[in-house]
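**Student:** Sharing a structure, written as structure tokens. Questions coming.
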Amino acid sequence: MNRKQEQKIFTIFAIVSAFALIVVAWNSAWWQGFAKANNQMQIVDNNNLQADVTNQTIQDVAKEQERYDEYSFIASFHEGLAYAKKEVEGSYWQKYGYIDTEGKEVIVCKYQWANNFSDGLAAVTEDGKKYGYIDHQGNWVIEPILDHARDFKQGKARVQIGINWYVIDKEGNILEEESKS
């Protein structure tokens, strides 16, 4: 192996190592606490966009945030709902569900992964392996049979089954099969 090949292998190793450290930091308790604090601040700001912030005290903000304290993470709101993560009794992992702008859990936290609502549907997985789409009430619209699922935009979404990618409509009909290359 020549010097140039060794440098290339070292560079690839350094990049992979850096990525692994980022993933570990992302999943650490420190990051989750940081994300929770940041997200809660964001929710207050989103809910009070019309309010004159100069008329609020920090006590007002803290009281407003009490309704979100059970969640370790809350995403931004889309179509009136935000996915949120919390500890669920009987589960080792925290689970995702959906809350409304009042902080009320409207779709039970039972998903291992969840995404924002888009075009009335959200991609979720209960087992971390197969994805499907739910509506605003938490009903399956497309059963969890997909290996990957992207957001719906203008009634279409990209999904993967096996090595093949497809474009589907909101009923699960295949509109086109994408090239495998």
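Just remember, in the structure tokens the first chain shown is A, the second B, etc., residues are 1-based per chain, and ligands are 1-based in the order shown.
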As a CSV table (one decimal) with N, CA, C and O atoms, in the first residue's frame, please: the residues near Gly80 in chain A (cut-off 7 Å, only C-alpha atoms, same-chain neighbours under 3 positions excluded).
**Tutor:**
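Full text of around22.csv as output:
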chain,number,residue,atom,x,y,z
A,77,PHE,N,-44.7,22.8,14.9
A,77,PHE,CA,-46.1,22.4,14.5
A,77,PHE,C,-46.3,22.5,13.0
A,77,PHE,O,-45.8,23.4,12.4
A,100,ASP,N,-51.3,18.8,20.2
A,100,ASP,CA,-51.8,20.0,19.5
A,100,ASP,C,-51.2,21.3,20.1
A,100,ASP,O,-50.4,21.2,21.0
A,101,THR,N,-51.6,22.4,19.7
A,101,THR,CA,-51.0,23.7,20.1
A,101,THR,C,-51.3,24.0,21.6
A,101,THR,O,-50.7,24.9,22.2
**Student:** Would you mind listing what lies within 12 Å of range 148-152 of chain A as JSON, numbers by chain, with only C-alpha atoms counted and same-chain residues fewer than 5 positions away left out?
**Tutor:** {"A": [78, 113, 114, 115, 116, 117, 118, 119, 120, 121, 122, 123, 124, 125, 128, 129, 130, 131, 132, 133, 134, 135, 142, 143, 157, 158, 159, 160, 161, 162, 163, 164, 165, 166, 167, 168, 169, 170, 171, 172]}
**Student:** Considering only C-alpha atoms, state which residue in the set A:Ile107, A:Arg3, A:Phe73, A:Val141 is at the smallest distance from Gln94 in chain A.
**Tutor:**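 Closest candidate: A:Phe73.
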**Student:** Find the distance between CA of Val88 in chain A and CA of Glu126 in chain A and write it in Å to one decimal.
**Tutor:** 13.2 Å
**Student:** Could you tell me which of A:Glu102, A:Glu177, A:Ser72, A:Asp127 comes closest to Asp147 in chain A if we count only C-alpha atoms?
**Tutor:** A:Asp127
**Student:** Just how far from CA of Gln112 in chain A is CA of Lys95 in chain A, in Å to one decimal?
**Tutor:**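 Here the two named atoms are 5.3 Å from each other.
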**Student:** So the first atom is CA of Tyr111 in chain A and the second is CA of Tyr96 in chain A; what is the distance between them in Å, to one decimal place?
**Tutor:** 4.9 Å
**Student:** Ranking A:Tyr83, A:Gln59, A:Val106, A:Glu176 by minimum distance to Lys156 in chain A and counting only C-alpha atoms, which one comes first?
**Tutor:** A:Glu176
